[in-house]
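run15.txt follows; it contains compact mmCIF, C-alpha atoms.
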# COMPACT_ATOMS: atom_id res chain seq x y z
CA MET T 1 138.74 64.03 119.71
CA ARG T 2 135.64 66.02 120.49
CA ALA T 3 132.95 64.19 122.52
CA ARG T 4 129.61 63.56 120.88
CA ALA T 5 126.14 63.32 122.37
CA ASP T 6 124.59 59.86 122.34
CA PHE T 7 121.84 57.83 123.98
CA VAL T 8 121.18 54.37 125.35
CA THR T 9 118.05 52.59 126.51
CA GLU T 10 117.95 50.85 129.88
CA THR T 11 115.33 48.49 131.24
CA ASP T 12 114.63 48.24 134.98
CA ALA T 13 113.42 45.21 136.99
CA ASP T 14 109.77 46.04 136.23
CA GLY T 15 110.41 45.91 132.48
CA GLY T 16 110.07 49.65 131.96
CA ALA T 17 112.49 51.28 129.52
CA ALA T 18 114.25 54.58 130.14
CA LEU T 19 115.93 56.70 127.45
CA VAL T 20 119.31 57.87 128.76
CA LEU T 21 121.01 60.81 127.03
CA THR T 22 124.78 60.87 127.44
CA GLY T 23 127.66 63.17 126.60
CA PRO T 24 127.49 66.94 126.00
CA LEU T 25 123.95 67.98 125.01
CA THR T 26 125.07 71.07 123.14
CA VAL T 27 124.44 72.36 119.63
CA SER T 28 128.00 71.55 118.53
CA ALA T 29 127.83 67.95 119.80
CA MET T 30 124.33 66.86 118.78
CA GLY T 31 125.30 66.09 115.15
CA SER T 32 123.18 63.27 113.74
CA LEU T 33 121.60 62.51 117.12
CA ASP T 34 118.39 64.25 116.17
CA SER T 35 117.64 61.98 113.20
CA ARG T 36 118.39 58.90 115.32
CA LEU T 37 116.08 60.10 118.09
CA ARG T 38 113.30 60.71 115.58
CA ALA T 39 113.52 57.06 114.51
CA LEU T 40 112.96 55.80 118.09
CA GLU T 41 109.72 54.12 119.01
CA GLY T 42 108.56 54.11 122.60
CA PRO T 43 107.21 53.76 125.05
CA PHE T 44 109.68 55.11 127.61
CA LYS T 45 108.87 55.75 131.23
CA ALA T 46 111.57 58.42 131.70
CA ILE T 47 114.01 60.64 129.83
CA ASP T 48 117.19 60.50 131.90
CA ILE T 49 119.77 63.28 131.41
CA SER T 50 121.80 62.58 134.55
CA ARG T 51 124.78 61.43 132.44
CA ALA T 52 124.87 64.60 130.31
CA SER T 53 128.19 66.36 130.89
CA ARG T 54 126.95 69.74 129.59
CA ILE T 55 123.68 71.13 128.32
CA ASP T 56 122.55 74.20 126.44
CA THR T 57 119.23 75.39 125.05
CA VAL T 58 119.32 72.96 122.13
CA GLY T 59 119.96 70.00 124.46
CA ALA T 60 117.24 71.16 126.86
CA TRP T 61 114.78 71.49 123.99
CA THR T 62 115.70 67.97 122.76
CA ALA T 63 115.07 66.45 126.21
CA TRP T 64 111.85 68.36 126.68
CA SER T 65 110.53 67.47 123.17
CA LEU T 66 111.25 63.78 123.85
CA SER T 67 109.36 64.11 127.14
CA GLN T 68 106.34 65.54 125.33
CA ARG T 69 106.55 62.98 122.55
CA PHE T 70 106.65 59.90 124.77
CA GLY T 71 104.70 61.28 127.72
CA ALA T 72 107.63 60.60 130.05
CA PRO T 73 109.13 62.89 132.70
CA VAL T 74 112.66 64.28 132.44
CA THR T 75 114.80 62.89 135.30
CA GLY T 76 118.31 63.47 136.56
CA ALA T 77 118.34 67.12 135.52
CA SER T 78 120.90 69.47 137.06
CA PRO T 79 119.74 72.89 138.31
CA GLU T 80 120.97 74.49 135.07
CA ALA T 81 119.10 71.91 132.98
CA GLU T 82 115.93 72.41 135.04
CA ARG T 83 116.12 76.16 134.45
CA LEU T 84 116.53 75.75 130.69
CA ILE T 85 113.78 73.13 130.39
CA GLY T 86 111.46 75.28 132.50
CA ALA T 87 112.04 78.29 130.24
CA ILE T 88 111.40 76.23 127.10
CA SER T 89 108.23 74.68 128.48
CA ALA T 90 106.95 78.10 129.55
CA VAL T 91 107.40 79.45 126.03
CA ASP T 92 105.73 76.44 124.45
CA ASP T 93 102.81 76.63 126.85
CA ASN T 94 102.02 80.14 125.60
CA THR T 95 98.56 79.89 124.07
CA ALA T 96 98.52 83.40 122.57
CA PRO T 97 97.87 83.42 118.80
CA VAL T 98 100.92 83.87 116.58
CA GLU T 99 99.13 86.40 114.37
CA ALA T 100 96.97 89.24 115.59
CA PRO T 101 93.27 88.72 114.92
CA ARG T 102 92.07 90.46 111.74
CA LEU T 103 88.80 92.22 111.23
CA PRO T 104 86.26 90.76 108.82
CA LEU T 105 86.70 91.84 105.21
CA TYR T 106 83.75 94.26 105.28
CA LEU T 107 85.40 96.09 108.19
CA HIS T 108 89.05 95.59 107.21
CA VAL T 109 88.74 97.34 103.82
CA PRO T 110 87.09 100.52 105.19
CA GLN T 111 89.65 100.59 107.99
CA GLN T 112 92.56 100.45 105.54
CA VAL T 113 90.99 103.02 103.22
CA GLY T 114 90.30 105.31 106.16
CA GLY T 115 93.89 104.98 107.34
CA VAL T 116 95.19 105.89 103.89
CA MET T 117 92.91 108.94 103.68
CA ILE T 118 93.94 110.13 107.14
CA GLY T 119 97.58 109.69 106.14
CA LEU T 120 97.00 111.71 102.96
CA GLY T 121 95.34 114.48 104.93
CA HIS T 122 98.17 114.55 107.44
CA GLY T 123 100.70 114.60 104.61
CA MET T 124 98.94 117.52 102.92
CA LEU T 125 99.11 119.51 106.15
CA LEU T 126 102.84 118.78 106.43
CA VAL T 127 103.41 119.88 102.82
CA LEU T 128 101.48 123.10 103.44
CA GLY T 129 103.60 123.72 106.52
CA PHE T 130 106.73 123.11 104.46
CA LEU T 131 105.56 125.59 101.82
CA GLY T 132 104.89 128.07 104.61
CA GLN T 133 108.47 127.70 105.81
CA ILE T 134 109.69 128.35 102.26
CA VAL T 135 107.58 131.52 102.01
CA LEU T 136 108.88 132.79 105.35
CA ALA T 137 112.49 132.02 104.40
CA SER T 138 111.99 133.77 101.05
CA GLY T 139 110.72 136.84 102.89
CA VAL T 140 113.85 136.85 105.05
CA LEU T 141 116.09 136.63 101.97
CA ILE T 142 114.19 139.45 100.26
CA ARG T 143 114.71 141.69 103.30
CA HIS T 144 118.35 140.60 103.66
CA PRO T 145 119.73 139.83 100.17
CA GLY T 146 123.20 139.36 101.57
CA LYS T 147 122.11 136.06 103.15
CA PHE T 148 121.23 134.57 99.76
CA ARG T 149 123.71 131.86 98.68
CA LEU T 150 124.37 132.71 95.02
CA ARG T 151 127.14 130.13 94.66
CA ALA T 152 124.81 127.37 95.86
CA LEU T 153 122.23 128.50 93.28
CA VAL T 154 124.75 128.44 90.42
CA HIS T 155 126.06 125.06 91.57
CA GLN T 156 122.58 123.56 91.61
CA MET T 157 121.79 125.07 88.19
CA GLU T 158 124.86 123.33 86.84
CA LEU T 159 124.02 119.99 88.47
CA MET T 160 120.36 119.77 87.51
CA GLY T 161 120.46 121.83 84.31
CA VAL T 162 123.75 121.80 82.44
CA ASN T 163 124.67 118.24 83.43
CA ALA T 164 121.27 117.00 82.25
CA LEU T 165 121.58 118.33 78.70
CA ALA T 166 123.03 115.12 77.27
CA ILE T 167 120.44 112.68 78.63
CA ILE T 168 117.51 115.01 77.96
CA GLY T 169 118.78 115.69 74.43
CA LEU T 170 119.11 111.99 73.65
CA MET T 171 115.69 111.21 75.10
CA SER T 172 114.02 114.08 73.23
CA PHE T 173 115.66 113.17 69.93
CA LEU T 174 114.39 109.59 70.18
CA VAL T 175 110.92 110.72 71.26
CA GLY T 176 110.78 113.08 68.28
CA ILE T 177 111.66 110.18 65.98
CA VAL T 178 108.94 108.02 67.53
CA ILE T 179 106.28 110.75 67.21
CA ALA T 180 107.18 111.38 63.57
CA GLN T 181 107.26 107.70 62.67
CA GLN T 182 104.00 106.76 64.39
CA GLY T 183 102.24 109.91 63.21
CA ALA T 184 103.34 109.36 59.62
CA VAL T 185 102.06 105.76 59.67
CA GLN T 186 98.58 106.91 60.67
CA LEU T 187 98.48 110.02 58.48
CA ARG T 188 99.64 108.04 55.43
CA GLN T 189 96.26 106.30 55.38
CA PHE T 190 94.68 109.64 54.49
CA GLY T 191 97.49 110.92 52.26
CA ALA T 192 98.34 113.58 54.84
CA GLU T 193 101.97 112.82 55.66
CA ILE T 194 102.78 116.53 55.36
CA TYR T 195 100.87 117.12 58.59
CA THR T 196 103.54 115.17 60.44
CA VAL T 197 105.25 118.54 60.75
CA ASN T 198 102.24 119.95 62.63
CA LEU T 199 102.07 116.89 64.87
CA VAL T 200 105.75 116.89 65.83
CA GLY T 201 106.00 120.66 66.24
CA ARG T 202 102.93 121.29 68.35
CA LEU T 203 103.24 118.14 70.45
CA SER T 204 106.91 118.78 71.23
CA LEU T 205 106.58 122.47 72.09
CA ARG T 206 103.26 122.28 73.88
CA GLU T 207 103.26 118.96 75.74
CA LEU T 208 105.95 116.33 75.42
CA GLY T 209 108.98 118.61 75.56
CA ILE T 210 108.28 120.05 78.99
CA LEU T 211 106.44 116.96 80.30
CA MET T 212 109.22 114.49 79.47
CA THR T 213 111.77 116.96 80.82
CA ALA T 214 109.87 117.27 84.11
CA ILE T 215 109.68 113.48 84.45
CA MET T 216 113.39 113.13 83.70
CA VAL T 217 114.33 115.89 86.16
CA ALA T 218 112.08 114.31 88.82
CA GLY T 219 113.88 110.98 88.45
CA ARG T 220 117.32 112.53 88.18
CA SER T 221 117.37 115.66 90.37
CA GLY T 222 114.29 115.24 92.57
CA SER T 223 115.59 111.90 93.81
CA ALA T 224 119.03 113.44 94.35
CA PHE T 225 117.53 116.24 96.46
CA ALA T 226 115.69 113.72 98.65
CA ALA T 227 118.74 111.49 99.07
CA GLN T 228 121.10 114.39 99.83
CA LEU T 229 118.87 116.05 102.41
CA GLY T 230 117.85 112.70 103.91
CA THR T 231 121.49 111.72 104.40
CA MET T 232 122.20 115.11 105.97
CA LYS T 233 119.33 114.50 108.40
CA LEU T 234 120.77 111.12 109.39
CA THR T 235 124.26 112.50 109.90
CA GLU T 236 122.79 115.40 111.94
CA GLU T 237 124.30 118.02 109.63
CA ILE T 238 120.96 119.82 109.44
CA ASP T 239 120.69 119.86 113.25
CA ALA T 240 124.20 121.29 113.37
CA MET T 241 123.18 124.03 110.93
CA ARG T 242 120.26 124.99 113.13
CA THR T 243 122.55 124.98 116.18
CA ILE T 244 124.89 127.57 114.64
CA GLY T 245 121.97 129.72 113.49
CA VAL T 246 121.82 128.75 109.79
CA SER T 247 118.35 128.03 108.38
CA PRO T 248 118.32 124.77 106.35
CA ILE T 249 115.46 126.16 104.27
CA GLU T 250 117.50 129.21 103.29
CA ALA T 251 120.77 127.35 102.76
CA LEU T 252 119.60 124.06 101.23
CA VAL T 253 116.03 124.23 99.97
CA ILE T 254 115.68 127.66 98.33
CA PRO T 255 118.80 127.34 96.09
CA ARG T 256 117.54 123.97 94.83
CA LEU T 257 114.04 125.38 94.37
CA LEU T 258 115.15 128.42 92.39
CA ALA T 259 117.62 126.42 90.31
CA THR T 260 114.93 123.97 89.26
CA MET T 261 112.38 126.70 88.51
CA LEU T 262 114.90 128.65 86.43
CA MET T 263 116.31 125.71 84.49
CA MET T 264 113.09 123.81 83.82
CA PRO T 265 111.72 126.22 81.14
CA LEU T 266 115.12 126.30 79.43
CA LEU T 267 115.40 122.52 79.49
CA GLY T 268 111.82 122.25 78.21
CA ILE T 269 112.50 124.46 75.20
CA TYR T 270 115.77 122.63 74.59
CA SER T 271 113.97 119.29 74.77
CA ALA T 272 111.25 120.47 72.36
CA ALA T 273 113.86 121.77 69.89
CA ILE T 274 115.81 118.50 69.95
CA GLY T 275 112.54 116.56 69.53
CA ILE T 276 111.71 118.63 66.45
CA VAL T 277 115.20 117.95 65.07
CA GLY T 278 114.61 114.21 65.62
CA GLY T 279 111.29 114.40 63.78
CA ALA T 280 112.91 116.35 60.94
CA ALA T 281 115.69 113.77 60.64
CA LEU T 282 113.22 110.91 60.35
CA SER T 283 111.04 112.83 57.90
CA ALA T 284 114.04 113.52 55.70
CA LEU T 285 114.93 109.82 55.66
CA THR T 286 111.50 108.21 55.26
CA LEU T 287 108.91 110.81 54.19
CA GLY T 288 110.90 112.71 51.60
CA ILE T 289 110.51 116.02 53.43
CA PRO T 290 113.85 117.89 53.32
CA PHE T 291 115.36 118.59 56.73
CA PHE T 292 115.42 122.38 56.46
CA THR T 293 112.02 122.46 54.79
CA PHE T 294 110.66 120.62 57.83
CA LEU T 295 112.20 123.20 60.18
CA ALA T 296 110.92 126.13 58.07
CA ARG T 297 107.45 124.62 58.04
CA ILE T 298 107.51 124.47 61.86
CA GLN T 299 107.56 128.28 61.99
CA GLU T 300 104.43 128.42 59.84
CA VAL T 301 102.27 125.77 61.51
CA VAL T 302 103.15 126.16 65.19
CA PRO T 303 101.45 129.17 66.82
CA LEU T 304 103.53 131.28 69.16
CA HIS T 305 101.23 130.59 72.11
CA ASP T 306 102.36 126.93 72.06
CA VAL T 307 105.83 128.17 72.98
CA TRP T 308 104.35 130.25 75.81
CA VAL T 309 102.39 127.25 77.07
CA GLY T 310 105.64 125.29 77.48
CA LEU T 311 107.38 128.25 79.12
CA ILE T 312 104.53 128.79 81.61
CA LYS T 313 104.46 125.12 82.58
CA GLY T 314 108.21 125.00 83.18
CA PRO T 315 108.54 126.96 86.46
CA VAL T 316 105.42 125.29 87.89
CA PHE T 317 106.72 121.81 87.14
CA GLY T 318 110.12 122.81 88.52
CA LEU T 319 108.51 124.01 91.75
CA ILE T 320 106.69 120.69 92.13
CA VAL T 321 109.79 118.57 91.47
CA ALA T 322 112.06 120.53 93.82
CA THR T 323 109.45 120.80 96.57
CA SER T 324 108.74 117.06 96.46
CA GLY T 325 112.42 116.14 96.64
CA CYS T 326 113.33 118.58 99.42
CA TYR T 327 110.20 117.83 101.46
CA GLN T 328 110.68 114.06 101.38
CA GLY T 329 114.38 114.43 102.17
CA LEU T 330 113.68 116.52 105.26
CA GLN T 331 111.14 113.95 106.49
CA VAL T 332 113.84 111.28 107.00
CA LYS T 333 114.12 110.46 110.71
CA SER T 334 115.17 106.89 111.49
CA ASP T 335 117.65 104.98 109.33
CA ALA T 336 119.25 104.58 105.92
CA GLU T 337 116.36 102.45 104.69
CA GLU T 338 114.05 105.43 105.09
CA VAL T 339 116.32 107.44 102.79
CA GLY T 340 115.53 104.99 100.00
CA THR T 341 111.83 105.00 100.84
CA ARG T 342 111.63 108.78 100.88
CA THR T 343 113.61 109.05 97.66
CA THR T 344 111.15 106.75 95.93
CA ALA T 345 108.24 108.70 97.41
CA ALA T 346 109.74 111.97 96.12
CA VAL T 347 109.92 110.69 92.54
CA VAL T 348 106.42 109.19 92.63
CA MET T 349 104.95 112.32 94.23
CA ALA T 350 106.63 114.64 91.71
CA ILE T 351 105.65 112.65 88.61
CA PHE T 352 102.06 112.22 89.81
CA MET T 353 101.61 115.93 90.53
CA VAL T 354 103.27 116.93 87.24
CA ILE T 355 100.87 114.75 85.23
CA VAL T 356 97.85 115.99 87.21
CA LEU T 357 98.82 119.62 86.66
CA ASP T 358 99.56 118.97 83.00
CA ALA T 359 96.00 117.74 82.56
CA PHE T 360 94.76 120.86 84.37
CA PHE T 361 96.86 123.10 82.10
CA ALA T 362 95.51 121.33 79.00
CA VAL T 363 91.93 122.14 80.01
CA PHE T 364 92.79 125.66 81.18
CA PHE T 365 94.62 126.71 78.01
CA SER T 366 91.85 125.25 75.86
CA GLU T 367 89.31 127.35 77.75
CA VAL T 368 91.33 130.57 77.29
CA GLY T 369 91.66 129.98 73.52
CA TRP T 370 95.20 128.59 73.45
CA GLY T 371 94.10 125.12 72.43
Would you write out, as structure tokens, the structure that this file holds?
Amino acid sequence: MRARADFVTETDADGGAALVLTGPLTVSAMGSLDSRLRALEGPFKAIDISRASRIDTVGAWTAWSLSQRFGAPVTGASPEAERLIGAISAVDDNTAPVEAPRLPLYLHVPQQVGGVMIGLGHGMLLVLGFLGQIVLASGVLIRHPGKFRLRALVHQMELMGVNALAIIGLMSFLVGIVIAQQGAVQLRQFGAEIYTVNLVGRLSLRELGILMTAIMVAGRSGSAFAAQLGTMKLTEEIDAMRTIGVSPIEALVIPRLLATMLMMPLLGIYSAAIGIVGGAALSALTLGIPFFTFLARIQEVVPLHDVWVGLIKGPVFGLIVATSGCYQGLQVKSDAEEVGTRTTAAVVMAIFMVIVLDAFFAVFFSEVGWG
């Protein structure tokens, strides 16, 4: 049967009581001793551990805490027990604050804001440097076309373009239905349901088709780029590529960049077309506008420059999405947790920049007469 720690109280000839701890004072033997010791009421003139067969840090802390509680010295300690109790008392005597002192609020807020702005500036410099590496690598590939990895380009076009057709088509179809339904509800108040065709056609081709596609590609492919390259950084595959004379920018980044820039306009037009089909389907069911009449009306009410607006936005949005994903992936340095952090940052960065540039394009095309 395993021995248990226990205690007894002894009174000397002067009437003073001593608390004597017996048995092994170890974490596995203390059991319910702690609750029994907490119920004790002093005073005691000494905490005697001379009868303890063994002692570890938990037993030393128990003896020392009893000493502090009753104001009694620890007696009968072996050299090992003295060493443990000394270490525990030294830690407890540390008067350093647990938390670092914080600045007052009127200084803390500017400090945090300043740190964020400095971090943004440093990040912008790193992104510019990354773009510079892409330009230099592109120049090398232009001078030496044989180094270009055509198979990698086709593979990435399949992954981020062809494999995304189903989810983008479903999303666009549902968005087209929502636009038609909500637009018809508002236009019905003025007896202008027929203008639902204009609303769905122009909004899909000019804005929502390419914008929703860019957001979907950022969440689907941009995150994949960051995770893939980040994992390759952790496993030192990219370092190995540099060692054997292969540029990671040429082999990994540029194929992903070109694939995204080439496929984004096509996906945008595909998304806009499916959105128009969704609007036509809803209009045929609820507004009484025949399906093919809706599609024929699109050709009459949607100007050709709306199609060009979507096509011009596509490569730019693709460049942003691919650059964000590849840049964040190549910034991974420490551990697997940073892969997740950088992947999230890639998606947030891409979506934010896409929306900002979409607002810029809206103003720009209005100014040039394509409003």
Seminar exercise, completed: Computed gap from CA of Asp56 in chain T to CA of Val27 in chain T is 7.3 Å
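Of the listed residues T:Ala226, T:Leu258, T:Leu126, T:Ala60, the one whose atoms come nearest to Thr344 in chain T is T:Ala226, with distances taken using all atoms listed in the file.
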Report as JSON lines the residues of range 98-180 of chain T within 12 Å of range 306-321 of chain T, each with its shortest atom pair and distance in Å (one decimal), using all atoms listed in the file, ordered by chain and increasing residue number.
{"residue": "T:Val127", "atom": "CA", "partner": "T:Ile320", "partner_atom": "CA", "distance": 11.2}
{"residue": "T:Leu131", "atom": "CA", "partner": "T:Leu319", "partner_atom": "CA", "distance": 10.6}
{"residue": "T:Ile134", "atom": "CA", "partner": "T:Leu319", "partner_atom": "CA", "distance": 11.4}
{"residue": "T:Met157", "atom": "CA", "partner": "T:Gly318", "partner_atom": "CA", "distance": 11.9}
{"residue": "T:Met160", "atom": "CA", "partner": "T:Gly318", "partner_atom": "CA", "distance": 10.7}
{"residue": "T:Gly161", "atom": "CA", "partner": "T:Gly318", "partner_atom": "CA", "distance": 11.2}
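Interatomic distance, CA of Val20 in chain T to CA of Ala87 in chain T: 21.7 Å.
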For this session: Extract, using only C-alpha atoms, all DNA, RNA and protein residues at most 9 Å from range 238-250 of chain T, discarding same-chain residues fewer than 6 positions from it, and format them as a PyMOL selection string.
Result: chain T and resi 133-134+137-138+140-141+147-149+229+232
Please return the centre and edge lengths, in Å to one decimal, of a box with edges along x, y and z that contains all listed atoms of range 365-370 of chain T, widened by 5 Å on every side, as AutoDock Vina command-line options.
--center_x 92.3 --center_y 127.9 --center_z 75.7 --size_x 15.9 --size_y 15.3 --size_z 14.6
For this session: Would you kindly return, as an NGL selection string, each protein, DNA or RNA residue with an atom no farther than 7 Å from any atom of Ala18 in chain T, considering only C-alpha atoms and excluding same-chain residues fewer than 5 positions away?
Result: :T and (9-11 or 44-48)
Export, as a PDB file, keeping the file's coordinate frame, the selected residues with C-alpha atoms.
ATOM      1  CA  THR T   9     118.050  52.590 126.510  1.00  0.00           C
ATOM      2  CA  GLU T  10     117.950  50.850 129.880  1.00  0.00           C
ATOM      3  CA  THR T  11     115.330  48.490 131.240  1.00  0.00           C
ATOM      4  CA  PHE T  44     109.680  55.110 127.610  1.00  0.00           C
ATOM      5  CA  LYS T  45     108.870  55.750 131.230  1.00  0.00           C
ATOM      6  CA  ALA T  46     111.570  58.420 131.700  1.00  0.00           C
ATOM      7  CA  ILE T  47     114.010  60.640 129.830  1.00  0.00           C
ATOM      8  CA  ASP T  48     117.190  60.500 131.900  1.00  0.00           C
TER       9      ASP T  48
END
For this session: Identify the residues around (117.7, 108.7, 61.9) within a radius of 12 Å, measuring from all atoms listed in the file in the coordinates stated by the file, and give them as JSON, numbers by chain.
Result: {"T": [173, 174, 175, 176, 177, 178, 180, 181, 277, 278, 279, 280, 281, 282, 283, 284, 285, 286, 287, 291]}
